[in-house]
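All remarks here apply to the structure that follows.
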Amino acid sequence: MIIKSPFNGTIPKIHPSAFIAPDVVIIGDVEIGAYTNIWFGAKLRGDWGTIIVGENTSIQDNAVLHSRPNELCKIGNNVRLAHSCMVHGSCDVGDYSMVGINATVLQGAKLGMGSVLAAGSVLREEAGDFCLYAGVPAIKKKEYQYKRLNEYSTKLYTDNGQKFKNAGFGQEIPKEYLFND
């Protein structure tokens, strides 16, 4: 289901190359970039806040994204939001980062570029670039010695999303919600 916000009438803006699974819910002020894939059961509720999702990002099964009124939940490019994670704005998830299975990014938090929030962890504050954070609350466990980029795994999901889309398994995106670069 892709609908405008009943709260304020804002509409989703979705790039035509995005794959949106049939049971995904997208409401209101949500922008989805090129080749992003949003998998079964995910919910992106921009009914009173804004959600911006970059390009080549994978939002996996049962993930939930929401934002407080007039605030921004921003997801970068080449990000992987794993199964059943919760991302609640205002927050910022940096390019090439990963939010693990059942992890939570709370309002006011920022996950830096190329960083990982481990499965089941809860991020409440700013987390630096190219680090692993884990625990409740999440703390820095290590810094990566190389610039960890999530390109390989996001490419796998981007390719898989395009296979699902080309096979006709994606949700029909209403024409008034489509945009091009």
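Convention: chains lettered A, B, ... in structure tokens order; per-chain residue numbering from 1; ligands numbered from 1 as shown.
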- Shell of 8 Å around region 10-18 of chain A, only C-alpha atoms, local chain residues under 3 positions omitted, as number ranges by chain: A: 2-5, 26-38, 47, 161-162, 173, 177-181
- Would you list the contacts of region 76-93 of chain A as number ranges by chain, taking every protein, DNA or RNA residue within 6 Å and counting only C-alpha atoms, but skipping same-chain residues closer than 3 positions in sequence? A: 54-67, 71-73, 96-111, 154
Could you write out that same residue set with N, CA and C atoms as a tab-separated table (two decimals), in the first residue's frame?
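Final output, saved to result_34.tsv:
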chain	number	residue	atom	x	y	z
A	54	GLY	N	18.15	6.89	0.54
A	54	GLY	CA	19.03	7.09	-0.59
A	54	GLY	C	18.95	6.01	-1.65
A	55	GLU	N	19.97	5.96	-2.49
A	55	GLU	CA	20.03	5.01	-3.61
A	55	GLU	C	20.69	3.71	-3.18
A	56	ASN	N	20.33	2.62	-3.87
A	56	ASN	CA	20.95	1.30	-3.68
A	56	ASN	C	20.88	0.82	-2.23
A	57	THR	N	19.85	1.19	-1.54
A	57	THR	CA	19.68	0.83	-0.14
A	57	THR	C	18.70	-0.33	-0.03
A	58	SER	N	18.95	-1.22	0.93
A	58	SER	CA	18.08	-2.37	1.15
A	58	SER	C	17.41	-2.25	2.51
A	59	ILE	N	16.08	-2.15	2.47
A	59	ILE	CA	15.28	-2.14	3.69
A	59	ILE	C	14.58	-3.49	3.74
A	60	GLN	N	15.02	-4.32	4.66
A	60	GLN	CA	14.61	-5.72	4.63
A	60	GLN	C	13.32	-5.99	5.40
A	61	ASP	N	12.90	-7.24	5.31
A	61	ASP	CA	11.61	-7.69	5.81
A	61	ASP	C	11.31	-7.17	7.22
A	62	ASN	N	10.12	-6.62	7.37
A	62	ASN	CA	9.55	-6.19	8.65
A	62	ASN	C	10.27	-5.02	9.32
A	63	ALA	N	11.12	-4.32	8.59
A	63	ALA	CA	11.74	-3.11	9.14
A	63	ALA	C	10.67	-2.02	9.29
A	64	VAL	N	10.85	-1.15	10.28
A	64	VAL	CA	9.92	-0.05	10.51
A	64	VAL	C	10.70	1.25	10.55
A	65	LEU	N	10.27	2.23	9.75
A	65	LEU	CA	10.87	3.57	9.75
A	65	LEU	C	9.75	4.56	10.02
A	66	HIS	N	10.02	5.51	10.93
A	66	HIS	CA	9.03	6.51	11.29
A	66	HIS	C	9.79	7.74	11.78
A	67	SER	N	9.10	8.86	11.88
A	67	SER	CA	9.73	10.07	12.39
A	67	SER	C	8.73	10.88	13.18
A	71	GLU	N	10.08	16.23	11.72
A	71	GLU	CA	11.48	15.83	11.84
A	71	GLU	C	11.84	14.86	10.73
A	72	LEU	N	13.15	14.58	10.57
A	72	LEU	CA	13.66	13.81	9.45
A	72	LEU	C	14.30	12.51	9.90
A	73	CYS	N	13.92	11.43	9.26
A	73	CYS	CA	14.58	10.13	9.37
A	73	CYS	C	15.31	9.96	8.05
A	96	TYR	N	26.75	3.62	3.31
A	96	TYR	CA	27.51	2.37	3.43
A	96	TYR	C	27.43	1.72	4.80
A	97	SER	N	26.48	2.12	5.62
A	97	SER	CA	26.37	1.55	6.96
A	97	SER	C	25.37	0.40	6.98
A	98	MET	N	25.32	-0.29	8.11
A	98	MET	CA	24.38	-1.41	8.26
A	98	MET	C	23.78	-1.38	9.67
A	99	VAL	N	22.46	-1.53	9.72
A	99	VAL	CA	21.74	-1.69	10.98
A	99	VAL	C	21.34	-3.16	11.04
A	100	GLY	N	21.82	-3.88	12.03
A	100	GLY	CA	21.65	-5.33	12.12
A	100	GLY	C	20.23	-5.77	12.44
A	101	ILE	N	20.04	-7.08	12.35
A	101	ILE	CA	18.74	-7.70	12.61
A	101	ILE	C	18.23	-7.29	13.98
A	102	ASN	N	16.99	-6.80	14.00
A	102	ASN	CA	16.29	-6.44	15.23
A	102	ASN	C	16.99	-5.35	16.04
A	103	ALA	N	17.83	-4.54	15.38
A	103	ALA	CA	18.48	-3.42	16.06
A	103	ALA	C	17.59	-2.19	15.98
A	104	THR	N	17.86	-1.20	16.83
A	104	THR	CA	17.05	0.01	16.90
A	104	THR	C	17.93	1.25	16.84
A	105	VAL	N	17.56	2.19	15.98
A	105	VAL	CA	18.17	3.51	15.94
A	105	VAL	C	17.12	4.47	16.46
A	106	LEU	N	17.39	5.10	17.62
A	106	LEU	CA	16.41	5.97	18.26
A	106	LEU	C	16.54	7.41	17.79
A	107	GLN	N	15.49	8.19	18.07
A	107	GLN	CA	15.50	9.61	17.72
A	107	GLN	C	16.70	10.29	18.34
A	108	GLY	N	17.31	11.16	17.53
A	108	GLY	CA	18.50	11.89	17.95
A	108	GLY	C	19.80	11.16	17.67
A	109	ALA	N	19.74	9.92	17.21
A	109	ALA	CA	20.96	9.13	16.97
A	109	ALA	C	21.48	9.35	15.55
A	110	LYS	N	22.77	9.08	15.40
A	110	LYS	CA	23.40	9.13	14.08
A	110	LYS	C	24.38	7.97	13.99
A	111	LEU	N	24.23	7.14	12.95
A	111	LEU	CA	25.17	6.06	12.68
A	111	LEU	C	26.07	6.52	11.56
A	154	THR	N	25.12	-4.60	-0.51
A	154	THR	CA	24.01	-3.82	-1.07
A	154	THR	C	23.83	-4.11	-2.55
- Task: Record the distance separating CA of Phe130 (chain A) and CA of Glu143 (chain A), expressed in Å with one decimal.
- Result: 6.1 Å
- Task: Write down as an MDAnalysis selection string the residues belonging to region 39-95 of chain A that are assigned strand (DSSP E or B) by DSSP computed on the backbone.
- Result: chainID A and resid 43:53 58:59 64:67 72:75 80:81 86:89 91:93
- Which value, in Å to one decimal, gives the distance between CA of Lys175 (chain A) and CA of Phe7 (chain A)?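 Rounded to one decimal, the two atoms are 21.4 Å apart.
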- Between A:Asp129, A:Asp95, A:Thr158, A:Val122, which has the minimum distance to Val53 (chain A) (counting only C-alpha atoms)?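 Smallest distance to Val53 (chain A) is found for A:Asp95.
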- Among the residues of region 10-176 of chain A, find those DSSP assigns to alpha helix (DSSP H) from the backbone and print them as a list in words. Glu151, Tyr152, Ser153, Thr154, Lys155, Leu156, Tyr157, Thr158, Asp159, Asn160, Gly161, Gln162, Lys163, Phe164, Lys165 and Asn166 of chain A
Go ahead and save the picked residues with N, CA and C atoms, as a short mmCIF file (atom, residue, chain, number, x, y, z; two decimals), in the first residue's frame.
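Listed below is the output, selection.cif:
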data_model
loop_
_atom_site.label_atom_id
_atom_site.label_comp_id
_atom_site.auth_asym_id
_atom_site.auth_seq_id
_atom_site.Cartn_x
_atom_site.Cartn_y
_atom_site.Cartn_z
N GLU A 151 29.33 -2.05 -0.10
CA GLU A 151 28.95 -2.13 -1.51
C GLU A 151 28.60 -3.53 -1.96
N TYR A 152 29.37 -4.53 -1.54
CA TYR A 152 29.13 -5.90 -2.00
C TYR A 152 27.74 -6.38 -1.59
N SER A 153 27.40 -6.24 -0.31
CA SER A 153 26.10 -6.75 0.14
C SER A 153 24.94 -5.92 -0.41
N THR A 154 25.12 -4.60 -0.51
CA THR A 154 24.01 -3.82 -1.07
C THR A 154 23.83 -4.11 -2.55
N LYS A 155 24.93 -4.41 -3.27
CA LYS A 155 24.80 -4.79 -4.68
C LYS A 155 24.02 -6.10 -4.81
N LEU A 156 24.27 -7.05 -3.93
CA LEU A 156 23.52 -8.31 -3.97
C LEU A 156 22.01 -8.05 -3.82
N TYR A 157 21.65 -7.18 -2.85
CA TYR A 157 20.24 -6.88 -2.64
C TYR A 157 19.66 -6.04 -3.77
N THR A 158 20.45 -5.11 -4.30
CA THR A 158 19.98 -4.31 -5.43
C THR A 158 19.69 -5.22 -6.62
N ASP A 159 20.62 -6.13 -6.93
CA ASP A 159 20.42 -7.06 -8.05
C ASP A 159 19.21 -7.96 -7.81
N ASN A 160 19.07 -8.46 -6.58
CA ASN A 160 17.93 -9.32 -6.27
C ASN A 160 16.61 -8.57 -6.36
N GLY A 161 16.60 -7.33 -5.88
CA GLY A 161 15.39 -6.51 -5.99
C GLY A 161 14.99 -6.29 -7.44
N GLN A 162 15.99 -6.07 -8.31
CA GLN A 162 15.69 -5.87 -9.73
C GLN A 162 15.17 -7.15 -10.36
N LYS A 163 15.67 -8.31 -9.91
CA LYS A 163 15.14 -9.59 -10.41
C LYS A 163 13.68 -9.75 -10.02
N PHE A 164 13.34 -9.44 -8.77
CA PHE A 164 11.95 -9.52 -8.32
C PHE A 164 11.09 -8.53 -9.11
N LYS A 165 11.58 -7.32 -9.30
CA LYS A 165 10.83 -6.29 -10.03
C LYS A 165 10.59 -6.73 -11.48
N ASN A 166 11.64 -7.20 -12.15
CA ASN A 166 11.52 -7.61 -13.55
C ASN A 166 10.65 -8.85 -13.73
#
- Distance of CA of Ala134 (chain A) from CA of Ile75 (chain A), expressed in Å to one decimal place: 19.3 Å
